[in-house]
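For reference, the structure discussed in these notes is given below.
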Amino acid sequence: MIEGIFVDGLIFSIMVLGILISFRIMDMADLTCDGSVATGAAAAAICITHGLPIFISLLVAFGCGVLCGMITAGIHNKLHIPGLLASILTMTMLYSINLRILGNKANLPLLRVETLYTQMPKMFSFLPSEYASLLGTLLVVGLIKGLFDLFFRCDLGISIGAMGSNEQMVISQGMNPENLKLLGLGISNGLIALSGGLLAQYQGFADANLGQGMVVQGLAGIMLGEFLFSSNKIHLITLRAIFGAIMYKALMFFGRKYGYLIHITPNDFKLLTGILVIISLFVAETRNKASNKGARKKALARTKERRNQLNMEAK
Amino acid sequence: MLELSHVTKVFYPGTVNEKLAIEDLSLNVQDGDVICVIGSNGSGKSTLFNLISGTYPVTSGTIKLNGHDITRMPEYKRAFTIGRIFQDPTKGTAASMSIEDNMITASSKGSKGLRISLNNEKRAQFRKLLEPIGLQDRLKDNVGLLSGGQRQALTLLMTVMSKPQMVLLDEHTAALDPRNAQTVMDLTTDYIGQYHLTAMMVTHNMQFAIDYGNRLIMMDEGQIVLDLSGVAKQQMTVEGLVKLFKNIKNKEYNNDEGLLTTD
């Protein structure tokens, strides 16, 4: 049971990493996620049911996600409309495309086929099956986090970050921001779709409505993580995003388990997630203010001390 | 090295907001020129810089750089040879990234690869470059923590690091206090000499424009109305400039109103 939360949270954390790229690193509100996570799930599911190897299926899911992100970036670049609007367009169009991928059905079950989560217990047969799934997912997430950190420390990754902070600077350094956006949103949605592909296998079905409200959930995960510690180092930023994702899933799990005691049903979760994001923003804001207050007091005390010391020396 | 011929820029053509910002402007910038550009607000100085660096496309006319036609070249490609520094100190650097990350993006022009080139050797180099502006011990600090003067000095350093042939300085000391402005200006002079840069600089200080550089351009209503160099520039005085400006204006208005502050 507790392993379930972790597996769920780890799969979710891949998506949170994707959202981290668009919202935090590139400073772009990208809602493509709501569509591309379902695209990833649909693509992986249809590949698996057609007998393709699981690894290839996940690769296809990743590729489809990259394509989704690039479409958003392309619309944004060429028509000069805000990223938010471009991504809403892509997201809406993807809903139809996802239904097409699933063969005009809203739902595709993955029963009686080999998936990653039927293979993992065989691969790690020395463990009980739940823990085998956990170990396998952990390895996948670890690998992705490692590659992610490496990429955002290399020159190209740093330039994507620079673009998010100041687009003019990137242009002044002779880089085409359009290409960086294509790449950034591509990787972002690739990860999101990959997460969708894993999720479909874990829960045993792909669903065209899978993506609804995913962006907000992902943001909730990022924000929960940001409460843990503050840092400007990429490996710590990704680590806290992963922790945040697991924390969010744990919260939802306990909400589902004990929510009935206060008459909360799963129908209320979208509302609660939204409220969670608002609370997170509110707490971050007040914490900022509080630390400013503290900083002033401390700074004043230090200045006083220094002055006293100077006076002592003068005497 | 830079040749503008019959350049025109119209904003919002065909609407009620239509504005002729640059009208039939021709300018030939020689290699090694340090040009001060003066003119009242709205005279087209910034638009001229925007056209040269490629932020806006020209409406008509051609721009040549080192003999190549760059009229249709996008801004990011022109940035390889033309560096630009804005009045706003926040425009040249990425605030949410550390100084070293900012410098690594500036250390070479153009698209970056998957190499991780930020190593201790590079850090040592950066430290040495940062010494004149006193930031050598703050490589890991976010640029957002720096003061405006420090940021502008860093921007200047980052611009010359990537070795452009020409720099456009758009009142880059205007947002700084007099002491910081002097520091940044001294740095500018150092770098222009050290890297043999061709420079164009917008300033509102007429005395400074007379003293600095080898050429002075006055703009008005989207045109170059005065182009001084050599002895003529050396012997010019502020009063002389004002008188010349009045003469030019009088031709059109026959009064002194709006002197130096048109629009």
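In the structure tokens, chains take letters A, B, ... by order of appearance, with residues numbered from 1 within each chain and ligands from 1 in the order shown.
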Any chance you could tabulate, as JSON lines, the residues of chain A at most 7 Å from chain B with each one's nearest atom pair and distance in Å to one decimal, using only C-alpha atoms, in chain and rising number order?
{"residue": "A:Arg153", "atom": "CA", "partner": "B:Ile116", "partner_atom": "CA", "distance": 6.4}
{"residue": "A:Cys154", "atom": "CA", "partner": "B:Ile116", "partner_atom": "CA", "distance": 4.2}
{"residue": "A:Asp155", "atom": "CA", "partner": "B:Lys112", "partner_atom": "CA", "distance": 5.5}
{"residue": "A:Leu156", "atom": "CA", "partner": "B:Lys112", "partner_atom": "CA", "distance": 4.7}
{"residue": "A:Ile158", "atom": "CA", "partner": "B:Asp101", "partner_atom": "CA", "distance": 6.8}
{"residue": "A:Ser159", "atom": "CA", "partner": "B:Thr105", "partner_atom": "CA", "distance": 6.2}
{"residue": "A:Ala162", "atom": "CA", "partner": "B:Ala94", "partner_atom": "CA", "distance": 5.6}
{"residue": "A:Ser165", "atom": "CA", "partner": "B:Ala94", "partner_atom": "CA", "distance": 5.1}
{"residue": "A:Asn166", "atom": "CA", "partner": "B:Ala94", "partner_atom": "CA", "distance": 5.2}
{"residue": "A:Gln168", "atom": "CA", "partner": "B:Lys91", "partner_atom": "CA", "distance": 6.7}
{"residue": "A:Met169", "atom": "CA", "partner": "B:Gly92", "partner_atom": "CA", "distance": 5.3}
{"residue": "A:Ile171", "atom": "CA", "partner": "B:Tyr76", "partner_atom": "CA", "distance": 4.7}
{"residue": "A:Ser172", "atom": "CA", "partner": "B:Ala79", "partner_atom": "CA", "distance": 5.3}
{"residue": "A:Gln173", "atom": "CA", "partner": "B:Lys109", "partner_atom": "CA", "distance": 5.3}
{"residue": "A:Gly174", "atom": "CA", "partner": "B:Tyr76", "partner_atom": "CA", "distance": 4.4}
{"residue": "A:Met175", "atom": "CA", "partner": "B:Gly110", "partner_atom": "CA", "distance": 4.9}
{"residue": "A:Asn176", "atom": "CA", "partner": "B:Tyr76", "partner_atom": "CA", "distance": 5.9}
Please, could you write that set of residues out with N, CA and C atoms as a PDB file, in the first residue's frame?
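File result.pdb, as written:
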ATOM      1  N   ARG A 153      23.006  21.292 -16.863  1.00  0.00           N
ATOM      2  CA  ARG A 153      24.302  21.866 -16.490  1.00  0.00           C
ATOM      3  C   ARG A 153      25.181  22.084 -17.719  1.00  0.00           C
ATOM      4  N   CYS A 154      24.777  21.524 -18.850  1.00  0.00           N
ATOM      5  CA  CYS A 154      25.593  21.720 -20.047  1.00  0.00           C
ATOM      6  C   CYS A 154      25.255  23.075 -20.673  1.00  0.00           C
ATOM      7  N   ASP A 155      26.084  23.508 -21.607  1.00  0.00           N
ATOM      8  CA  ASP A 155      25.952  24.861 -22.166  1.00  0.00           C
ATOM      9  C   ASP A 155      24.568  25.105 -22.754  1.00  0.00           C
ATOM     10  N   LEU A 156      24.062  24.080 -23.444  1.00  0.00           N
ATOM     11  CA  LEU A 156      22.754  24.223 -24.077  1.00  0.00           C
ATOM     12  C   LEU A 156      21.659  24.374 -23.022  1.00  0.00           C
ATOM     13  N   ILE A 158      21.981  25.445 -19.940  1.00  0.00           N
ATOM     14  CA  ILE A 158      22.106  26.739 -19.277  1.00  0.00           C
ATOM     15  C   ILE A 158      21.491  27.835 -20.142  1.00  0.00           C
ATOM     16  N   SER A 159      21.666  27.719 -21.477  1.00  0.00           N
ATOM     17  CA  SER A 159      21.069  28.759 -22.328  1.00  0.00           C
ATOM     18  C   SER A 159      19.552  28.716 -22.278  1.00  0.00           C
ATOM     19  N   ALA A 162      18.753  30.563 -19.275  1.00  0.00           N
ATOM     20  CA  ALA A 162      18.983  31.991 -19.486  1.00  0.00           C
ATOM     21  C   ALA A 162      17.824  32.597 -20.258  1.00  0.00           C
ATOM     22  N   SER A 165      14.962  33.349 -18.095  1.00  0.00           N
ATOM     23  CA  SER A 165      15.176  34.494 -17.213  1.00  0.00           C
ATOM     24  C   SER A 165      15.196  35.798 -18.004  1.00  0.00           C
ATOM     25  N   ASN A 166      15.762  35.789 -19.206  1.00  0.00           N
ATOM     26  CA  ASN A 166      15.890  37.020 -19.993  1.00  0.00           C
ATOM     27  C   ASN A 166      16.105  36.674 -21.467  1.00  0.00           C
ATOM     28  N   GLN A 168      16.067  38.538 -24.138  1.00  0.00           N
ATOM     29  CA  GLN A 168      16.924  39.466 -24.892  1.00  0.00           C
ATOM     30  C   GLN A 168      18.395  39.068 -24.772  1.00  0.00           C
ATOM     31  N   MET A 169      18.777  38.583 -23.580  1.00  0.00           N
ATOM     32  CA  MET A 169      20.171  38.220 -23.363  1.00  0.00           C
ATOM     33  C   MET A 169      20.581  37.076 -24.291  1.00  0.00           C
ATOM     34  N   ILE A 171      19.278  36.346 -27.175  1.00  0.00           N
ATOM     35  CA  ILE A 171      19.394  36.883 -28.531  1.00  0.00           C
ATOM     36  C   ILE A 171      20.717  37.614 -28.684  1.00  0.00           C
ATOM     37  N   SER A 172      21.062  38.413 -27.653  1.00  0.00           N
ATOM     38  CA  SER A 172      22.309  39.177 -27.714  1.00  0.00           C
ATOM     39  C   SER A 172      23.526  38.265 -27.794  1.00  0.00           C
ATOM     40  N   GLN A 173      23.389  37.048 -27.296  1.00  0.00           N
ATOM     41  CA  GLN A 173      24.517  36.119 -27.366  1.00  0.00           C
ATOM     42  C   GLN A 173      24.488  35.275 -28.646  1.00  0.00           C
ATOM     43  N   GLY A 174      23.656  35.677 -29.581  1.00  0.00           N
ATOM     44  CA  GLY A 174      23.679  35.024 -30.886  1.00  0.00           C
ATOM     45  C   GLY A 174      22.950  33.689 -30.948  1.00  0.00           C
ATOM     46  N   MET A 175      22.010  33.469 -30.012  1.00  0.00           N
ATOM     47  CA  MET A 175      21.249  32.218 -30.078  1.00  0.00           C
ATOM     48  C   MET A 175      19.828  32.507 -30.534  1.00  0.00           C
ATOM     49  N   ASN A 176      19.270  31.573 -31.271  1.00  0.00           N
ATOM     50  CA  ASN A 176      17.912  31.734 -31.746  1.00  0.00           C
ATOM     51  C   ASN A 176      16.944  31.251 -30.665  1.00  0.00           C
TER      52      ASN A 176
END
Neighbouring residues of A:Asp207 were defined as those with any atom within 9 Å, considering only C-alpha atoms; residues of the same chain fewer than 6 positions away were excluded. Please report them as a ChimeraX atom specification. /A:38,41-42,98-99,102,105-109,200
Nearest candidate to B:Met1 (options B:Thr198, B:Asn17, B:Thr183, B:Asn66; using only C-alpha atoms): B:Asn66
Within 12 Å of B:Asn180, counting only C-alpha atoms, which residues show up once you throw out same-chain ones fewer than 2 positions away? Write them as a ChimeraX atom specification, please. /B:133,147-153,172-178,182-187
Output the selection as a PDB file, in the first residue's frame - N, CA and C atoms for each residue.
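So the final result, stored in again_8.pdb, reads:
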ATOM      1  N   ILE B 133      36.000  44.740 -11.850  1.00  0.00           N
ATOM      2  CA  ILE B 133      34.717  45.248 -11.370  1.00  0.00           C
ATOM      3  C   ILE B 133      34.409  44.721  -9.969  1.00  0.00           C
ATOM      4  N   SER B 147      23.926  45.156  -7.605  1.00  0.00           N
ATOM      5  CA  SER B 147      23.349  46.490  -7.789  1.00  0.00           C
ATOM      6  C   SER B 147      23.318  46.815  -9.280  1.00  0.00           C
ATOM      7  N   GLY B 148      22.581  47.868  -9.629  1.00  0.00           N
ATOM      8  CA  GLY B 148      22.465  48.255 -11.031  1.00  0.00           C
ATOM      9  C   GLY B 148      23.821  48.501 -11.673  1.00  0.00           C
ATOM     10  N   GLY B 149      24.701  49.190 -10.950  1.00  0.00           N
ATOM     11  CA  GLY B 149      26.025  49.501 -11.487  1.00  0.00           C
ATOM     12  C   GLY B 149      26.820  48.230 -11.742  1.00  0.00           C
ATOM     13  N   GLN B 150      26.771  47.311 -10.746  1.00  0.00           N
ATOM     14  CA  GLN B 150      27.500  46.052 -10.913  1.00  0.00           C
ATOM     15  C   GLN B 150      26.942  45.250 -12.087  1.00  0.00           C
ATOM     16  N   ARG B 151      25.616  45.264 -12.218  1.00  0.00           N
ATOM     17  CA  ARG B 151      25.001  44.510 -13.312  1.00  0.00           C
ATOM     18  C   ARG B 151      25.399  45.076 -14.660  1.00  0.00           C
ATOM     19  N   GLN B 152      25.418  46.412 -14.744  1.00  0.00           N
ATOM     20  CA  GLN B 152      25.766  47.028 -16.018  1.00  0.00           C
ATOM     21  C   GLN B 152      27.236  46.755 -16.354  1.00  0.00           C
ATOM     22  N   ALA B 153      28.086  46.771 -15.323  1.00  0.00           N
ATOM     23  CA  ALA B 153      29.494  46.464 -15.552  1.00  0.00           C
ATOM     24  C   ALA B 153      29.641  45.015 -16.021  1.00  0.00           C
ATOM     25  N   HIS B 172      23.887  53.707 -21.728  1.00  0.00           N
ATOM     26  CA  HIS B 172      24.030  52.601 -20.789  1.00  0.00           C
ATOM     27  C   HIS B 172      24.451  53.017 -19.391  1.00  0.00           C
ATOM     28  N   THR B 173      24.714  54.311 -19.167  1.00  0.00           N
ATOM     29  CA  THR B 173      25.028  54.738 -17.802  1.00  0.00           C
ATOM     30  C   THR B 173      23.931  55.619 -17.221  1.00  0.00           C
ATOM     31  N   ALA B 174      22.837  55.789 -17.980  1.00  0.00           N
ATOM     32  CA  ALA B 174      21.807  56.750 -17.565  1.00  0.00           C
ATOM     33  C   ALA B 174      21.084  56.328 -16.294  1.00  0.00           C
ATOM     34  N   ALA B 175      20.989  55.014 -16.033  1.00  0.00           N
ATOM     35  CA  ALA B 175      20.242  54.565 -14.855  1.00  0.00           C
ATOM     36  C   ALA B 175      21.126  54.470 -13.616  1.00  0.00           C
ATOM     37  N   LEU B 176      22.396  54.890 -13.744  1.00  0.00           N
ATOM     38  CA  LEU B 176      23.326  54.720 -12.627  1.00  0.00           C
ATOM     39  C   LEU B 176      23.630  56.057 -11.950  1.00  0.00           C
ATOM     40  N   ASP B 177      24.070  55.998 -10.684  1.00  0.00           N
ATOM     41  CA  ASP B 177      24.451  57.237 -10.003  1.00  0.00           C
ATOM     42  C   ASP B 177      25.794  57.718 -10.574  1.00  0.00           C
ATOM     43  N   PRO B 178      26.162  58.995 -10.349  1.00  0.00           N
ATOM     44  CA  PRO B 178      27.340  59.563 -11.034  1.00  0.00           C
ATOM     45  C   PRO B 178      28.612  58.736 -10.848  1.00  0.00           C
ATOM     46  N   GLN B 182      30.515  56.740 -13.772  1.00  0.00           N
ATOM     47  CA  GLN B 182      31.909  57.004 -14.133  1.00  0.00           C
ATOM     48  C   GLN B 182      32.686  55.682 -14.240  1.00  0.00           C
ATOM     49  N   THR B 183      32.459  54.789 -13.265  1.00  0.00           N
ATOM     50  CA  THR B 183      33.144  53.490 -13.287  1.00  0.00           C
ATOM     51  C   THR B 183      32.819  52.733 -14.572  1.00  0.00           C
ATOM     52  N   VAL B 184      31.527  52.654 -14.892  1.00  0.00           N
ATOM     53  CA  VAL B 184      31.119  51.908 -16.087  1.00  0.00           C
ATOM     54  C   VAL B 184      31.670  52.580 -17.345  1.00  0.00           C
ATOM     55  N   MET B 185      31.698  53.923 -17.331  1.00  0.00           N
ATOM     56  CA  MET B 185      32.209  54.642 -18.497  1.00  0.00           C
ATOM     57  C   MET B 185      33.709  54.390 -18.676  1.00  0.00           C
ATOM     58  N   ASP B 186      34.442  54.385 -17.549  1.00  0.00           N
ATOM     59  CA  ASP B 186      35.884  54.102 -17.629  1.00  0.00           C
ATOM     60  C   ASP B 186      36.124  52.707 -18.189  1.00  0.00           C
ATOM     61  N   LEU B 187      35.313  51.756 -17.704  1.00  0.00           N
ATOM     62  CA  LEU B 187      35.416  50.388 -18.208  1.00  0.00           C
ATOM     63  C   LEU B 187      35.165  50.342 -19.706  1.00  0.00           C
TER      64      LEU B 187
END
Have a look at atom CA of A:Pro82 and atom CA of B:Gly144 and let me know their distance in Å, one decimal. 25.3 Å
Please identify all polymer residues within 8 Å of A:Tyr131, counting only C-alpha atoms, omitting same-chain residues fewer than 4 positions from it, and present them as a list in words.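 These residues fall inside the cut-off: Glu3, Leu127 and Leu135 of chain A.
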Which residue is closest to B:Phe208? Choose from B:Asn247, B:Met236, B:Gly44, B:Tyr12 and count only C-alpha atoms. B:Met236
Can you pull out the residues contacting stretch 229-244 of chain A? Cut-off 8 Å, using only C-alpha atoms, and skip same-chain residues under 3 positions away; I want them as a list in words.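 The residues that qualify are Gly9, Leu10, Ser13, Ile14, Val16, Leu17, Leu20, Lys145, Asp149, Phe152, Arg153, Ala220, Gly221, Ile222, Met223, Leu224, Gly225, Glu226, Met247 and Tyr248 of chain A; Met97 of chain B.
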Mind writing the picked residues with N, CA and C atoms as a PDB file, in the first residue's frame?
ATOM      1  N   GLY A   9       3.708   8.141  -6.985  1.00  0.00           N
ATOM      2  CA  GLY A   9       4.390   9.425  -6.845  1.00  0.00           C
ATOM      3  C   GLY A   9       5.593   9.531  -7.759  1.00  0.00           C
ATOM      4  N   LEU A  10       6.347   8.448  -7.893  1.00  0.00           N
ATOM      5  CA  LEU A  10       7.544   8.488  -8.742  1.00  0.00           C
ATOM      6  C   LEU A  10       7.167   8.650 -10.210  1.00  0.00           C
ATOM      7  N   SER A  13       6.244  12.041 -10.645  1.00  0.00           N
ATOM      8  CA  SER A  13       7.375  12.974 -10.545  1.00  0.00           C
ATOM      9  C   SER A  13       8.030  13.205 -11.904  1.00  0.00           C
ATOM     10  N   ILE A  14       7.971  12.235 -12.806  1.00  0.00           N
ATOM     11  CA  ILE A  14       8.540  12.447 -14.147  1.00  0.00           C
ATOM     12  C   ILE A  14       7.779  13.579 -14.836  1.00  0.00           C
ATOM     13  N   VAL A  16       6.135  15.912 -13.246  1.00  0.00           N
ATOM     14  CA  VAL A  16       6.456  17.151 -12.526  1.00  0.00           C
ATOM     15  C   VAL A  16       7.783  17.725 -13.042  1.00  0.00           C
ATOM     16  N   LEU A  17       8.736  16.853 -13.348  1.00  0.00           N
ATOM     17  CA  LEU A  17      10.002  17.336 -13.909  1.00  0.00           C
ATOM     18  C   LEU A  17       9.755  18.051 -15.238  1.00  0.00           C
ATOM     19  N   LEU A  20       8.299  21.303 -14.535  1.00  0.00           N
ATOM     20  CA  LEU A  20       9.374  22.147 -13.982  1.00  0.00           C
ATOM     21  C   LEU A  20      10.111  22.882 -15.104  1.00  0.00           C
ATOM     22  N   LYS A 145      16.353  11.571 -13.800  1.00  0.00           N
ATOM     23  CA  LYS A 145      16.864  12.706 -13.011  1.00  0.00           C
ATOM     24  C   LYS A 145      18.340  12.965 -13.326  1.00  0.00           C
ATOM     25  N   ASP A 149      19.635  16.433 -14.885  1.00  0.00           N
ATOM     26  CA  ASP A 149      20.607  17.305 -14.215  1.00  0.00           C
ATOM     27  C   ASP A 149      21.802  17.585 -15.122  1.00  0.00           C
ATOM     28  N   PHE A 152      20.825  20.101 -17.903  1.00  0.00           N
ATOM     29  CA  PHE A 152      20.679  21.503 -17.504  1.00  0.00           C
ATOM     30  C   PHE A 152      21.942  22.078 -16.880  1.00  0.00           C
ATOM     31  N   ARG A 153      23.006  21.292 -16.863  1.00  0.00           N
ATOM     32  CA  ARG A 153      24.302  21.866 -16.490  1.00  0.00           C
ATOM     33  C   ARG A 153      25.181  22.084 -17.719  1.00  0.00           C
ATOM     34  N   ALA A 220       1.138  21.799  -8.059  1.00  0.00           N
ATOM     35  CA  ALA A 220       1.009  21.526  -6.623  1.00  0.00           C
ATOM     36  C   ALA A 220       2.220  20.739  -6.150  1.00  0.00           C
ATOM     37  N   GLY A 221       2.641  19.745  -6.950  1.00  0.00           N
ATOM     38  CA  GLY A 221       3.815  18.948  -6.598  1.00  0.00           C
ATOM     39  C   GLY A 221       5.062  19.807  -6.503  1.00  0.00           C
ATOM     40  N   ILE A 222       5.270  20.660  -7.512  1.00  0.00           N
ATOM     41  CA  ILE A 222       6.459  21.527  -7.512  1.00  0.00           C
ATOM     42  C   ILE A 222       6.462  22.417  -6.272  1.00  0.00           C
ATOM     43  N   MET A 223       5.287  22.989  -5.981  1.00  0.00           N
ATOM     44  CA  MET A 223       5.225  23.939  -4.859  1.00  0.00           C
ATOM     45  C   MET A 223       5.420  23.250  -3.522  1.00  0.00           C
ATOM     46  N   LEU A 224       4.836  22.053  -3.372  1.00  0.00           N
ATOM     47  CA  LEU A 224       5.067  21.303  -2.132  1.00  0.00           C
ATOM     48  C   LEU A 224       6.560  21.061  -1.964  1.00  0.00           C
ATOM     49  N   GLY A 225       7.227  20.722  -3.078  1.00  0.00           N
ATOM     50  CA  GLY A 225       8.664  20.470  -3.012  1.00  0.00           C
ATOM     51  C   GLY A 225       9.435  21.702  -2.610  1.00  0.00           C
ATOM     52  N   GLU A 226       8.961  22.857  -3.090  1.00  0.00           N
ATOM     53  CA  GLU A 226       9.706  24.083  -2.804  1.00  0.00           C
ATOM     54  C   GLU A 226       9.664  24.477  -1.339  1.00  0.00           C
ATOM     55  N   MET A 247       4.962  13.618  -2.192  1.00  0.00           N
ATOM     56  CA  MET A 247       4.152  14.169  -1.105  1.00  0.00           C
ATOM     57  C   MET A 247       2.726  14.438  -1.574  1.00  0.00           C
ATOM     58  N   TYR A 248       2.620  14.969  -2.809  1.00  0.00           N
ATOM     59  CA  TYR A 248       1.278  15.261  -3.326  1.00  0.00           C
ATOM     60  C   TYR A 248       0.460  13.985  -3.444  1.00  0.00           C
TER      61      TYR A 248
ATOM     62  N   MET B  97      19.993  33.553 -12.489  1.00  0.00           N
ATOM     63  CA  MET B  97      21.098  32.604 -12.628  1.00  0.00           C
ATOM     64  C   MET B  97      22.373  33.198 -12.013  1.00  0.00           C
TER      65      MET B  97
END
Give me, as a list in words, all polymer residues having an atom no more than 12 Å from B:Thr189, counting only C-alpha atoms and skipping those fewer than 4 positions away in the same chain.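 In the requested form, the answer reads Val34, Leu156, Val160, Val167, Leu169, Gln182, Thr183, Val184, Met185, Gly193, Gln194, Tyr195, His196, Leu197, Thr198, Ala199, Met201, Tyr212 and Gly213 of chain B.
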Let's have the selection written as a CSV table (one decimal), in the first residue's frame, with N, CA and C atoms.
chain,number,residue,atom,x,y,z
B,34,VAL,N,34.5,55.8,-32.9
B,34,VAL,CA,33.7,55.9,-31.7
B,34,VAL,C,32.8,57.1,-31.8
B,156,LEU,N,28.5,44.7,-19.6
B,156,LEU,CA,29.6,45.2,-20.5
B,156,LEU,C,30.7,44.2,-20.7
B,160,VAL,N,31.7,42.2,-24.2
B,160,VAL,CA,33.0,42.2,-24.9
B,160,VAL,C,33.7,40.9,-24.9
B,167,VAL,N,30.0,47.7,-30.9
B,167,VAL,CA,29.0,47.8,-29.8
B,167,VAL,C,28.1,49.0,-29.9
B,169,LEU,N,25.8,51.3,-27.6
B,169,LEU,CA,25.6,51.6,-26.2
B,169,LEU,C,24.4,52.6,-26.1
B,182,GLN,N,30.5,56.7,-13.8
B,182,GLN,CA,31.9,57.0,-14.1
B,182,GLN,C,32.7,55.7,-14.2
B,183,THR,N,32.5,54.8,-13.3
B,183,THR,CA,33.1,53.5,-13.3
B,183,THR,C,32.8,52.7,-14.6
B,184,VAL,N,31.5,52.7,-14.9
B,184,VAL,CA,31.1,51.9,-16.1
B,184,VAL,C,31.7,52.6,-17.3
B,185,MET,N,31.7,53.9,-17.3
B,185,MET,CA,32.2,54.6,-18.5
B,185,MET,C,33.7,54.4,-18.7
B,193,GLY,N,39.3,50.4,-26.1
B,193,GLY,CA,40.7,50.4,-26.5
B,193,GLY,C,41.3,49.0,-26.6
B,194,GLN,N,41.0,48.2,-25.6
B,194,GLN,CA,41.6,46.9,-25.5
B,194,GLN,C,41.2,46.0,-26.6
B,195,TYR,N,40.0,46.0,-27.0
B,195,TYR,CA,39.5,45.0,-28.0
B,195,TYR,C,39.3,45.7,-29.3
B,196,HIS,N,39.7,46.9,-29.5
B,196,HIS,CA,39.6,47.7,-30.8
B,196,HIS,C,38.2,47.6,-31.3
B,197,LEU,N,37.3,48.1,-30.5
B,197,LEU,CA,35.9,48.0,-30.9
B,197,LEU,C,35.5,49.3,-31.6
B,198,THR,N,34.6,49.1,-32.5
B,198,THR,CA,33.9,50.2,-33.1
B,198,THR,C,32.6,50.5,-32.3
B,199,ALA,N,32.3,51.7,-31.9
B,199,ALA,CA,31.2,51.9,-31.0
B,199,ALA,C,30.3,53.1,-31.4
B,201,MET,N,27.4,55.4,-29.4
B,201,MET,CA,26.9,55.6,-28.0
B,201,MET,C,25.9,56.7,-28.0
B,212,TYR,N,34.2,63.0,-26.0
B,212,TYR,CA,34.4,61.6,-26.1
B,212,TYR,C,34.4,61.2,-27.6
B,213,GLY,N,35.2,60.2,-27.9
B,213,GLY,CA,35.1,59.6,-29.3
B,213,GLY,C,35.7,60.5,-30.3
What does the distance between atom CA of B:Ser43 and atom CA of B:Tyr191 come to in Å, to one decimal place? 28.5 Å
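Remark: for B:Leu154, the closest of the candidate residues B:Ile99, B:Leu244, B:Leu228, B:Ala124 is B:Ile99 (distances computed over only C-alpha atoms).
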Which value, in Å to one decimal, gives the distance between atom CA of A:Gln201 and atom CA of A:Leu110?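 Here the two named atoms are 7.0 Å from each other.
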Name the residues of stretch 19-154 of chain A that come out as helix (DSSP H, G or I) in a backbone DSSP run; write them as a count of residues only. 100
Which of stretch 8-229 of chain B end up as strand (DSSP E) when DSSP is run on this backbone - answer as a ChimeraX atom specification? /B:8-11,19-29,34-38,60-65,68-69,82-85,166-170,198-202,215-220,223-229
